[in-house]
Amino acid sequence: MHGYNARIAKLLDLASVSAEGDAVIAFQTNAPNAAFPWTLSDPGIAVLGPVSDAFPINATGPFVFKEAVPKQLYRAEANTDYRLGTPSLEEVRIVYTADPATAALAFEAGEVDMVINYPEADFARIQETGALGFSAPTGRLYFYTVNAQSGPMANPLIRRAVSLAIDRDGVVAAALSGVGGVPAGTIYPEGKGWAAEIPAVYDLSKAEELLTQAGAVKDNGRWMLDGAPLEIDIVTYSGRAALAPTAELTQAFLQAIGVTANVRVGEYGASNDAIAAGDADMFLQAWVTTPQGDPGAVLETLLKSDGGSNAGQYANADLDQLLADGRTTFDAAERKAIYDKAQQIIAQDAAMIPVFHVAQVNVARQGLTRLCSASD
């Protein structure tokens, strides 16, 4: 077994893997793991055959790997031996860009046939040109990781106040142009089965009450803490079109109640490092919250004390215990109760601040029946 993803390796917690004949693979975990079958469905996990020059990635899917230029181009050709028949597309080329606006321009110029995660603000207009538009709910959550170790967001009262000051309906209407998004009160989207009944609350009076409880004082319309203006630094990245406007709207909401807020948009890694180093207070990011269908994976990664992506260094012994219990409990109803309690702790402590669950917006050109090969 080869492992290239530390997050997945930790969730699998494997002691050994062995092949038993041509059609059976035996896994042995280090400890009971109720989430294990779910984790196997993670997009980052695959069973591969022996590699060769013809098959540097030897798998069983509908396409055969041909070329990869990291962060530029990925190319695959139809697998004529695919068990469900030869795909109708001769070739698929995935062109990578970190900037959604650049992808939109490439589509409009006819350089690409389809764009995944098309900018929501331009979705209505591009369809007027004859393009096909597709939008569907997803499990992806836009949320804030908070710096729980230093600065103002280390105080749960201030974290809760910030959450209450965000008009999530306003964010969905403005940042997503009403195309696709549902205000989020908890980590999982409604209807996915694991979501606890935690509403997305917008309450400015309660927010100001919590700021007072935290020791802040309002002076000439500005909140002061320990004799200095209460100031919150927000970081995010440019990989998704709705991130920057969501951060800017949050800045406006906070400033409307007298809290100074600053926004920096950079690369994902730099933003993550800023939170981890205590150089920022809130990190806006977007994750799929049930990539394998199981509720534990994302919580263990983001909010467990030793979670691999717990950049805000949040720690709560009760939450850690619930997540451990969720792993070793196999009864579905009991697991649901465990993760409901976990979500209540997260909401009460504002361990993270959910903003909205997004719908994925894609566009494609009319009459798309095959993708051109590189020689066309």
# chains A, B, ... in the order shown; residues from 1 in each chain; ligands from 1
$ select_by_dssp --residues "region 46-189 of chain A" --states "helix (DSSP H, G or I)" --output "PyMOL selection string"
chain A and resi 100-108+120-128+152-154+156-165+168-175
$ residues_around --residues "Asp318 (chain A)" --least-positions-apart "2" --cutoff "12 Å" --atoms "only C-alpha atoms" --output "PyMOL selection string"
chain A and resi 303-305+315-316+320-325+338+341-346+349
$ closest_residue --among "A:Thr290, A:Asn147, A:Ser18, A:Asn33" --to "Ala274 (chain A)" --atoms "only C-alpha atoms"
A:Asn147
$ select_by_dssp --residues "region 166-363 of chain A" --states "strand (DSSP E or B)" --output "ChimeraX atom specification"
/A:181-183,217-219,222-225,228-229,231-237,260-266,282-288,352-363
$ residues_around --residues "Arg140 (chain A)" --least-positions-apart "5" --cutoff "8 Å" --atoms "only C-alpha atoms" --output "count of residues only"
7
$ closest_residue --among "A:Asp53, A:Ile94, A:Thr145, A:Asn362" --to "Lys71 (chain A)" --atoms "only C-alpha atoms"
A:Ile94
$ residues_around --residues "Gln360 (chain A)" --least-positions-apart "6" --cutoff "6 Å" --atoms "only C-alpha atoms" --output "MDAnalysis selection string"
chainID A and resid 117 135:136
$ write_last_selection --atoms "all heavy atoms" --output "PDB file, in the first residue's frame"
ATOM      1  N   ASN A 117     -17.454  24.756 -11.096  1.00  0.00           N
ATOM      2  CA  ASN A 117     -17.421  25.859 -10.130  1.00  0.00           C
ATOM      3  C   ASN A 117     -17.288  27.209 -10.836  1.00  0.00           C
ATOM      4  O   ASN A 117     -16.385  28.000 -10.558  1.00  0.00           O
ATOM      5  CB  ASN A 117     -16.287  25.673  -9.113  1.00  0.00           C
ATOM      6  CG  ASN A 117     -16.470  24.439  -8.266  1.00  0.00           C
ATOM      7  OD1 ASN A 117     -17.572  24.156  -7.821  1.00  0.00           O
ATOM      8  ND2 ASN A 117     -15.396  23.685  -8.059  1.00  0.00           N
ATOM      9  N   SER A 135     -26.817  23.620 -11.810  1.00  0.00           N
ATOM     10  CA  SER A 135     -26.607  23.950 -10.410  1.00  0.00           C
ATOM     11  C   SER A 135     -27.289  22.896  -9.544  1.00  0.00           C
ATOM     12  O   SER A 135     -28.443  22.539  -9.801  1.00  0.00           O
ATOM     13  CB  SER A 135     -27.179  25.333 -10.088  1.00  0.00           C
ATOM     14  OG  SER A 135     -27.038  25.643  -8.724  1.00  0.00           O
ATOM     15  N   ALA A 136     -26.566  22.392  -8.530  1.00  0.00           N
ATOM     16  CA  ALA A 136     -27.133  21.367  -7.659  1.00  0.00           C
ATOM     17  C   ALA A 136     -26.523  21.497  -6.269  1.00  0.00           C
ATOM     18  O   ALA A 136     -25.353  21.880  -6.126  1.00  0.00           O
ATOM     19  CB  ALA A 136     -26.863  19.976  -8.222  1.00  0.00           C
TER      20      ALA A 136
END
$ closest_residue --among "A:Ala34, A:Leu11, A:Leu164, A:Leu230" --to "Gly258 (chain A)" --atoms "only C-alpha atoms"
A:Leu230
$ decode --residues "region 337-368 of chain A" --atoms "N, CA and C atoms" --output "mmCIF file, in the first residue's frame"
data_model
loop_
_atom_site.group_PDB
_atom_site.id
_atom_site.type_symbol
_atom_site.label_atom_id
_atom_site.label_comp_id
_atom_site.auth_asym_id
_atom_site.auth_seq_id
_atom_site.Cartn_x
_atom_site.Cartn_y
_atom_site.Cartn_z
ATOM 1 N N ALA A 337 -26.714 10.289 17.667
ATOM 2 C CA ALA A 337 -26.809 11.028 18.921
ATOM 3 C C ALA A 337 -25.454 11.621 19.317
ATOM 4 N N ILE A 338 -24.391 10.855 19.088
ATOM 5 C CA ILE A 338 -23.043 11.338 19.419
ATOM 6 C C ILE A 338 -22.691 12.573 18.590
ATOM 7 N N TYR A 339 -22.951 12.506 17.292
ATOM 8 C CA TYR A 339 -22.566 13.629 16.438
ATOM 9 C C TYR A 339 -23.508 14.825 16.590
ATOM 10 N N ASP A 340 -24.739 14.588 17.024
ATOM 11 C CA ASP A 340 -25.611 15.704 17.395
ATOM 12 C C ASP A 340 -25.011 16.463 18.579
ATOM 13 N N LYS A 341 -24.526 15.720 19.594
ATOM 14 C CA LYS A 341 -23.910 16.364 20.751
ATOM 15 C C LYS A 341 -22.647 17.127 20.338
ATOM 16 N N ALA A 342 -21.878 16.532 19.437
ATOM 17 C CA ALA A 342 -20.666 17.200 18.961
ATOM 18 C C ALA A 342 -21.007 18.527 18.284
ATOM 19 N N GLN A 343 -22.048 18.531 17.467
ATOM 20 C CA GLN A 343 -22.448 19.761 16.790
ATOM 21 C C GLN A 343 -22.946 20.816 17.778
ATOM 22 N N GLN A 344 -23.613 20.391 18.839
ATOM 23 C CA GLN A 344 -24.076 21.335 19.850
ATOM 24 C C GLN A 344 -22.884 21.994 20.547
ATOM 25 N N ILE A 345 -21.851 21.228 20.857
ATOM 26 C CA ILE A 345 -20.648 21.796 21.471
ATOM 27 C C ILE A 345 -19.998 22.796 20.528
ATOM 28 N N ILE A 346 -19.898 22.420 19.260
ATOM 29 C CA ILE A 346 -19.259 23.300 18.273
ATOM 30 C C ILE A 346 -20.027 24.613 18.150
ATOM 31 N N ALA A 347 -21.351 24.535 18.131
ATOM 32 C CA ALA A 347 -22.158 25.749 18.021
ATOM 33 C C ALA A 347 -22.067 26.597 19.282
ATOM 34 N N GLN A 348 -22.164 25.968 20.455
ATOM 35 C CA GLN A 348 -22.139 26.703 21.707
ATOM 36 C C GLN A 348 -20.794 27.391 21.924
ATOM 37 N N ASP A 349 -19.728 26.730 21.504
ATOM 38 C CA ASP A 349 -18.381 27.256 21.698
ATOM 39 C C ASP A 349 -17.898 28.062 20.495
ATOM 40 N N ALA A 350 -18.699 28.079 19.430
ATOM 41 C CA ALA A 350 -18.273 28.704 18.169
ATOM 42 C C ALA A 350 -16.869 28.227 17.807
ATOM 43 N N ALA A 351 -16.685 26.916 17.883
ATOM 44 C CA ALA A 351 -15.383 26.324 17.566
ATOM 45 C C ALA A 351 -15.012 26.566 16.111
ATOM 46 N N MET A 352 -16.003 26.670 15.262
ATOM 47 C CA MET A 352 -15.866 27.114 13.884
ATOM 48 C C MET A 352 -17.139 27.900 13.575
ATOM 49 N N ILE A 353 -17.122 28.709 12.539
ATOM 50 C CA ILE A 353 -18.290 29.530 12.222
ATOM 51 C C ILE A 353 -18.785 29.165 10.823
ATOM 52 N N PRO A 354 -19.847 28.344 10.720
ATOM 53 C CA PRO A 354 -20.416 28.023 9.410
ATOM 54 C C PRO A 354 -21.075 29.260 8.802
ATOM 55 N N VAL A 355 -20.987 29.390 7.483
ATOM 56 C CA VAL A 355 -21.637 30.517 6.803
ATOM 57 C C VAL A 355 -22.730 30.010 5.862
ATOM 58 N N PHE A 356 -22.370 29.167 4.882
ATOM 59 C CA PHE A 356 -23.400 28.605 4.004
ATOM 60 C C PHE A 356 -22.918 27.318 3.363
ATOM 61 N N HIS A 357 -23.881 26.481 2.994
ATOM 62 C CA HIS A 357 -23.624 25.313 2.156
ATOM 63 C C HIS A 357 -23.888 25.736 0.718
ATOM 64 N N VAL A 358 -22.954 25.442 -0.146
ATOM 65 C CA VAL A 358 -23.014 25.967 -1.505
ATOM 66 C C VAL A 358 -23.567 24.933 -2.480
ATOM 67 N N ALA A 359 -24.203 25.421 -3.517
ATOM 68 C CA ALA A 359 -24.571 24.583 -4.654
ATOM 69 C C ALA A 359 -23.465 24.709 -5.697
ATOM 70 N N GLN A 360 -23.091 23.598 -6.303
ATOM 71 C CA GLN A 360 -22.064 23.663 -7.342
ATOM 72 C C GLN A 360 -22.665 24.180 -8.631
ATOM 73 N N VAL A 361 -21.979 25.145 -9.234
ATOM 74 C CA VAL A 361 -22.445 25.785 -10.461
ATOM 75 C C VAL A 361 -21.468 25.452 -11.585
ATOM 76 N N ASN A 362 -21.953 24.782 -12.622
ATOM 77 C CA ASN A 362 -21.139 24.412 -13.776
ATOM 78 C C ASN A 362 -21.754 24.983 -15.049
ATOM 79 N N VAL A 363 -20.929 25.225 -16.049
ATOM 80 C CA VAL A 363 -21.439 25.629 -17.365
ATOM 81 C C VAL A 363 -20.767 24.780 -18.440
ATOM 82 N N ALA A 364 -21.473 24.594 -19.551
ATOM 83 C CA ALA A 364 -20.932 23.824 -20.676
ATOM 84 C C ALA A 364 -21.472 24.415 -21.970
ATOM 85 N N ARG A 365 -20.762 24.174 -23.048
ATOM 86 C CA ARG A 365 -21.229 24.690 -24.327
ATOM 87 C C ARG A 365 -22.344 23.806 -24.888
ATOM 88 N N GLN A 366 -23.182 24.372 -25.716
ATOM 89 C CA GLN A 366 -24.274 23.643 -26.355
ATOM 90 C C GLN A 366 -23.724 22.531 -27.250
ATOM 91 N N GLY A 367 -24.435 21.413 -27.307
ATOM 92 C CA GLY A 367 -24.084 20.351 -28.243
ATOM 93 C C GLY A 367 -22.817 19.607 -27.903
ATOM 94 N N LEU A 368 -22.429 19.611 -26.637
ATOM 95 C CA LEU A 368 -21.194 18.943 -26.247
ATOM 96 C C LEU A 368 -21.395 17.426 -26.296
#
